[in-house]
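Undergrad: The structure under discussion is supplied below as structure tokens; questions concerning it will follow.
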Amino acid sequence: MAKKVTIQQIADYLGISNFVVSRALSGKSGVKDETRDKVFQVASQLGYFTQKGINNSDIKKEVVEDSIDNNSVLIVMPNIRSQLKESIYWGPIIKGISDTLENLNLGMVILTENNFKSLPRALNPEGFLGLIGVGEVGTQIILEVQNKGVPVVLIDHEDKLYPTDTVFSNNFDSSYLLANHLIGLGHRNIQFVGNINYSRSFFDRWLGFRTALEENDIAISNESFELIKDKSTEMFIDIKDWLQKLKKERNILPTALFCANDSIALHVYKVLQELDIRIPDDISVTGFDNIEDSYLLKPTLTTIDVPKEELGKRAVRALLSRIDMKNAPKEKIIVASELLLRESVLSFKKGTD
């Protein structure tokens, strides 16, 4: 049997006191961010988080015991504009959570401040059934909650250091299907538009795209990975500069643009319109997510329909299952998506570029 990983071992590995390690793991103040990050990294590498029977009292945290009186779920979302509950992508996910909880006579509290220091105030004495993270939630928040004995389920995000139950759409298979559709229509010069390191979902979409191209012996370009910014104006400028550079240096544009999500595709539409490039006559464009704006575009956008409300519903079910079976293996739930063929894609024939 493997020996238990202790706080002292982590401290010895880093050459710091076990007091600092204890405060870092428990989310307490007085620890530099750089030191806290190193503690999380080493703790993960040594297997501290994944071992069974972690005694949370070792890190001097008060454990909130489960109670049949708990009747609410804490929803945590990063405090960034694109992930607010009113957004065209995340909003339906929140609706799926809300509707499911309401049907079960359970409530929810939404925390949109991505600052783990606010959690002790949010976790009141009555406690919560658990936490559902929507989008990218910081490791410190996850630890802060789990150290209180509260189960966690993440939607569209997977923490690299601390394992939890997760719910994703089938990003890899859907991208693979969409890329093969473009290839079947004769496209060979296909560019992926989006930063593959932006999120786990983007990375999986890139893997599906890349796999389809590799299986068909199609060269993969590395020029388009950084085309995403938090601000819409910056994204617009980047995409425009990138396309103009391609046209100037190669005197040829891709025949199809494979956008990592519909929001990026919306910016692509605007740029192509400004450059007087026609969709789909001159270039085909695809998206991912099937947000409302995707079928309001002219031409309508070929995309992948992610069952956003279902992601929220499945997260609630996963949370309740975790409450019933605390020691069961962590689960990664994959919800199937659907390819929607619309007007933004045409067949490509050699000699027409």
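In the structure tokens, chains take the letters A, B, ... in the order shown, each chain's residues start at 1, and ligands count up from 1 in the order shown.
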Based on DSSP run over this structure's backbone, return all residues of segment 205-312 of chain A in helix (DSSP H, G or I), as a ChimeraX atom specification.
TA: /A:205-215,232-250,262-274,292-295,308-312
Undergrad: Counting only C-alpha atoms, which residues in segment 304-340 of chain A sit no more than 12 Å from segment 257-268 of chain A? For each one, give the nearest pair of atoms and the distance in Å, sorted by chain then residue number, as CSV.
TA:
residue,atom,partner,partner_atom,distance
A:Ile304,CA,A:Asn261,CA,8.9
A:Asp305,CA,A:Asp262,CA,10.3
A:Val306,CA,A:Asn261,CA,10.6
Undergrad: Taking N, CA and C atoms for each residue, export the selection above as a PDB file, in the first residue's frame.
TA:
ATOM      1  N   ILE A 304     -21.936  23.258 -35.046  1.00  0.00           N
ATOM      2  CA  ILE A 304     -22.249  22.099 -34.206  1.00  0.00           C
ATOM      3  C   ILE A 304     -23.210  22.545 -33.114  1.00  0.00           C
ATOM      4  N   ASP A 305     -24.325  21.859 -33.009  1.00  0.00           N
ATOM      5  CA  ASP A 305     -25.325  22.192 -31.990  1.00  0.00           C
ATOM      6  C   ASP A 305     -24.945  21.524 -30.675  1.00  0.00           C
ATOM      7  N   VAL A 306     -24.436  22.316 -29.741  1.00  0.00           N
ATOM      8  CA  VAL A 306     -24.115  21.820 -28.404  1.00  0.00           C
ATOM      9  C   VAL A 306     -25.379  21.890 -27.549  1.00  0.00           C
TER      10      VAL A 306
END
Undergrad: Please measure the separation of atom CA of Ile279 of chain A and atom CA of Asn180 of chain A, giving the value in Å to one decimal.
TA: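 Computing the Euclidean distance for atom CA of Ile279 of chain A and atom CA of Asn180 of chain A yields 19.5 Å.
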Undergrad: Please compute the atom CA of Asp204 of chain A-atom CA of Gln191 of chain A distance, one decimal, in Å.
TA: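 Computing the Euclidean distance for atom CA of Asp204 of chain A and atom CA of Gln191 of chain A yields 15.8 Å.
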Undergrad: Looking at A:Val271, A:Met77, A:Leu161, A:Ala212, which one is nearest to Val39 of chain A, with distances taken over only C-alpha atoms?
TA: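 Counting only C-alpha atoms, the residue closest to Val39 of chain A is A:Leu161.
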Undergrad: List every residue of segment 99-328 of chain A that DSSP, applied to the backbone of this structure, assigns to strand (DSSP E or B), and report them as number ranges by chain.
TA: A: 107-111, 130-134, 152-155, 165-169, 190-193, 256-259, 284-286, 289, 302-305
Undergrad: Go ahead and write the residues just picked, N, CA, C and O atoms, as a compact mmCIF listing (two decimals), in the first residue's frame.
TA:
# COMPACT_ATOMS: atom_id res chain seq x y z
N GLY A 107 -32.88 24.98 -4.63
CA GLY A 107 -32.55 26.33 -5.06
C GLY A 107 -31.10 26.44 -5.49
O GLY A 107 -30.34 25.47 -5.45
N MET A 108 -30.71 27.65 -5.93
CA MET A 108 -29.31 27.86 -6.30
C MET A 108 -28.91 29.30 -6.01
O MET A 108 -29.74 30.21 -5.99
N VAL A 109 -27.63 29.48 -5.78
CA VAL A 109 -27.04 30.79 -5.57
C VAL A 109 -25.90 30.94 -6.57
O VAL A 109 -25.04 30.06 -6.65
N ILE A 110 -25.91 32.02 -7.36
CA ILE A 110 -24.88 32.23 -8.37
C ILE A 110 -23.83 33.21 -7.86
O ILE A 110 -24.15 34.30 -7.40
N LEU A 111 -22.57 32.78 -7.92
CA LEU A 111 -21.45 33.63 -7.55
C LEU A 111 -20.63 33.91 -8.80
O LEU A 111 -20.09 32.98 -9.41
N GLY A 130 -23.80 21.34 -2.88
CA GLY A 130 -22.57 21.22 -3.63
C GLY A 130 -22.35 22.43 -4.50
O GLY A 130 -23.11 23.40 -4.45
N LEU A 131 -21.27 22.37 -5.29
CA LEU A 131 -20.91 23.47 -6.19
C LEU A 131 -20.89 22.96 -7.63
O LEU A 131 -20.36 21.88 -7.90
N ILE A 132 -21.46 23.74 -8.53
CA ILE A 132 -21.33 23.49 -9.97
C ILE A 132 -20.58 24.66 -10.57
O ILE A 132 -21.03 25.80 -10.50
N GLY A 133 -19.43 24.37 -11.15
CA GLY A 133 -18.64 25.40 -11.82
C GLY A 133 -19.01 25.45 -13.29
O GLY A 133 -19.01 24.43 -13.97
N VAL A 134 -19.33 26.64 -13.79
CA VAL A 134 -19.71 26.81 -15.19
C VAL A 134 -18.59 27.56 -15.90
O VAL A 134 -18.38 28.75 -15.68
N VAL A 152 -18.03 18.88 -5.87
CA VAL A 152 -17.89 19.82 -6.98
C VAL A 152 -18.09 19.09 -8.31
O VAL A 152 -17.57 18.00 -8.51
N VAL A 153 -18.84 19.73 -9.22
CA VAL A 153 -18.98 19.27 -10.60
C VAL A 153 -18.65 20.45 -11.50
O VAL A 153 -19.15 21.56 -11.27
N LEU A 154 -17.83 20.24 -12.52
CA LEU A 154 -17.44 21.30 -13.44
C LEU A 154 -18.05 21.07 -14.81
O LEU A 154 -18.06 19.94 -15.31
N ILE A 155 -18.55 22.15 -15.42
CA ILE A 155 -19.11 22.10 -16.78
C ILE A 155 -18.15 22.79 -17.73
O ILE A 155 -17.75 23.94 -17.52
N ASP A 165 -15.71 15.60 -10.82
CA ASP A 165 -16.63 15.18 -11.86
C ASP A 165 -16.78 16.32 -12.86
O ASP A 165 -16.82 17.49 -12.48
N THR A 166 -16.85 15.98 -14.15
CA THR A 166 -16.94 17.00 -15.20
C THR A 166 -18.01 16.63 -16.22
O THR A 166 -18.35 15.45 -16.38
N VAL A 167 -18.54 17.66 -16.89
CA VAL A 167 -19.52 17.47 -17.96
C VAL A 167 -19.07 18.28 -19.17
O VAL A 167 -18.86 19.49 -19.07
N PHE A 168 -18.93 17.61 -20.32
CA PHE A 168 -18.51 18.26 -21.56
C PHE A 168 -19.45 17.86 -22.69
O PHE A 168 -20.10 16.81 -22.64
N SER A 169 -19.49 18.68 -23.73
CA SER A 169 -20.07 18.24 -24.99
C SER A 169 -19.03 17.38 -25.70
O SER A 169 -17.85 17.41 -25.35
N ILE A 190 -7.67 24.19 -45.26
CA ILE A 190 -8.61 24.52 -44.18
C ILE A 190 -7.82 25.06 -43.00
O ILE A 190 -6.85 24.44 -42.54
N GLN A 191 -8.23 26.21 -42.49
CA GLN A 191 -7.56 26.82 -41.35
C GLN A 191 -8.42 26.75 -40.10
O GLN A 191 -9.61 27.07 -40.13
N PHE A 192 -7.80 26.33 -38.99
CA PHE A 192 -8.46 26.36 -37.68
C PHE A 192 -8.28 27.75 -37.10
O PHE A 192 -7.17 28.26 -37.00
N VAL A 193 -9.36 28.40 -36.69
CA VAL A 193 -9.29 29.77 -36.17
C VAL A 193 -9.68 29.75 -34.69
O VAL A 193 -10.84 29.56 -34.33
N ALA A 256 -11.54 27.20 -46.64
CA ALA A 256 -12.50 27.07 -45.54
C ALA A 256 -11.85 27.49 -44.23
O ALA A 256 -10.66 27.23 -44.00
N LEU A 257 -12.63 28.16 -43.39
CA LEU A 257 -12.19 28.56 -42.05
C LEU A 257 -13.00 27.78 -41.03
O LEU A 257 -14.23 27.88 -40.99
N PHE A 258 -12.32 27.02 -40.19
CA PHE A 258 -12.93 26.17 -39.17
C PHE A 258 -12.80 26.92 -37.84
O PHE A 258 -11.76 26.90 -37.20
N CYS A 259 -13.85 27.63 -37.44
CA CYS A 259 -13.79 28.48 -36.24
C CYS A 259 -14.06 27.67 -34.98
O CYS A 259 -14.97 26.84 -34.95
N SER A 284 -15.56 29.14 -47.41
CA SER A 284 -16.56 28.54 -46.52
C SER A 284 -16.17 28.80 -45.07
O SER A 284 -14.98 28.89 -44.74
N VAL A 285 -17.18 28.92 -44.20
CA VAL A 285 -16.94 29.20 -42.79
C VAL A 285 -17.80 28.28 -41.93
O VAL A 285 -18.99 28.08 -42.23
N THR A 286 -17.22 27.72 -40.90
CA THR A 286 -17.99 26.91 -39.93
C THR A 286 -17.75 27.41 -38.53
O THR A 286 -16.72 28.04 -38.24
N ASP A 289 -21.10 25.46 -31.48
CA ASP A 289 -21.92 25.81 -30.31
C ASP A 289 -23.38 26.03 -30.67
O ASP A 289 -24.26 25.81 -29.84
N THR A 302 -23.04 27.16 -40.78
CA THR A 302 -22.89 25.73 -40.51
C THR A 302 -22.13 25.58 -39.20
O THR A 302 -21.06 26.18 -39.01
N THR A 303 -22.66 24.78 -38.28
CA THR A 303 -22.08 24.73 -36.94
C THR A 303 -22.40 23.40 -36.27
O THR A 303 -23.05 22.53 -36.86
N ILE A 304 -21.94 23.26 -35.05
CA ILE A 304 -22.25 22.10 -34.21
C ILE A 304 -23.21 22.55 -33.11
O ILE A 304 -22.94 23.51 -32.40
N ASP A 305 -24.33 21.86 -33.01
CA ASP A 305 -25.32 22.19 -31.99
C ASP A 305 -24.95 21.52 -30.67
O ASP A 305 -25.07 20.31 -30.51
Undergrad: What is the atom CA of Asp156 of chain A to atom CA of Arg200 of chain A distance in Å?
TA: 7.4 Å
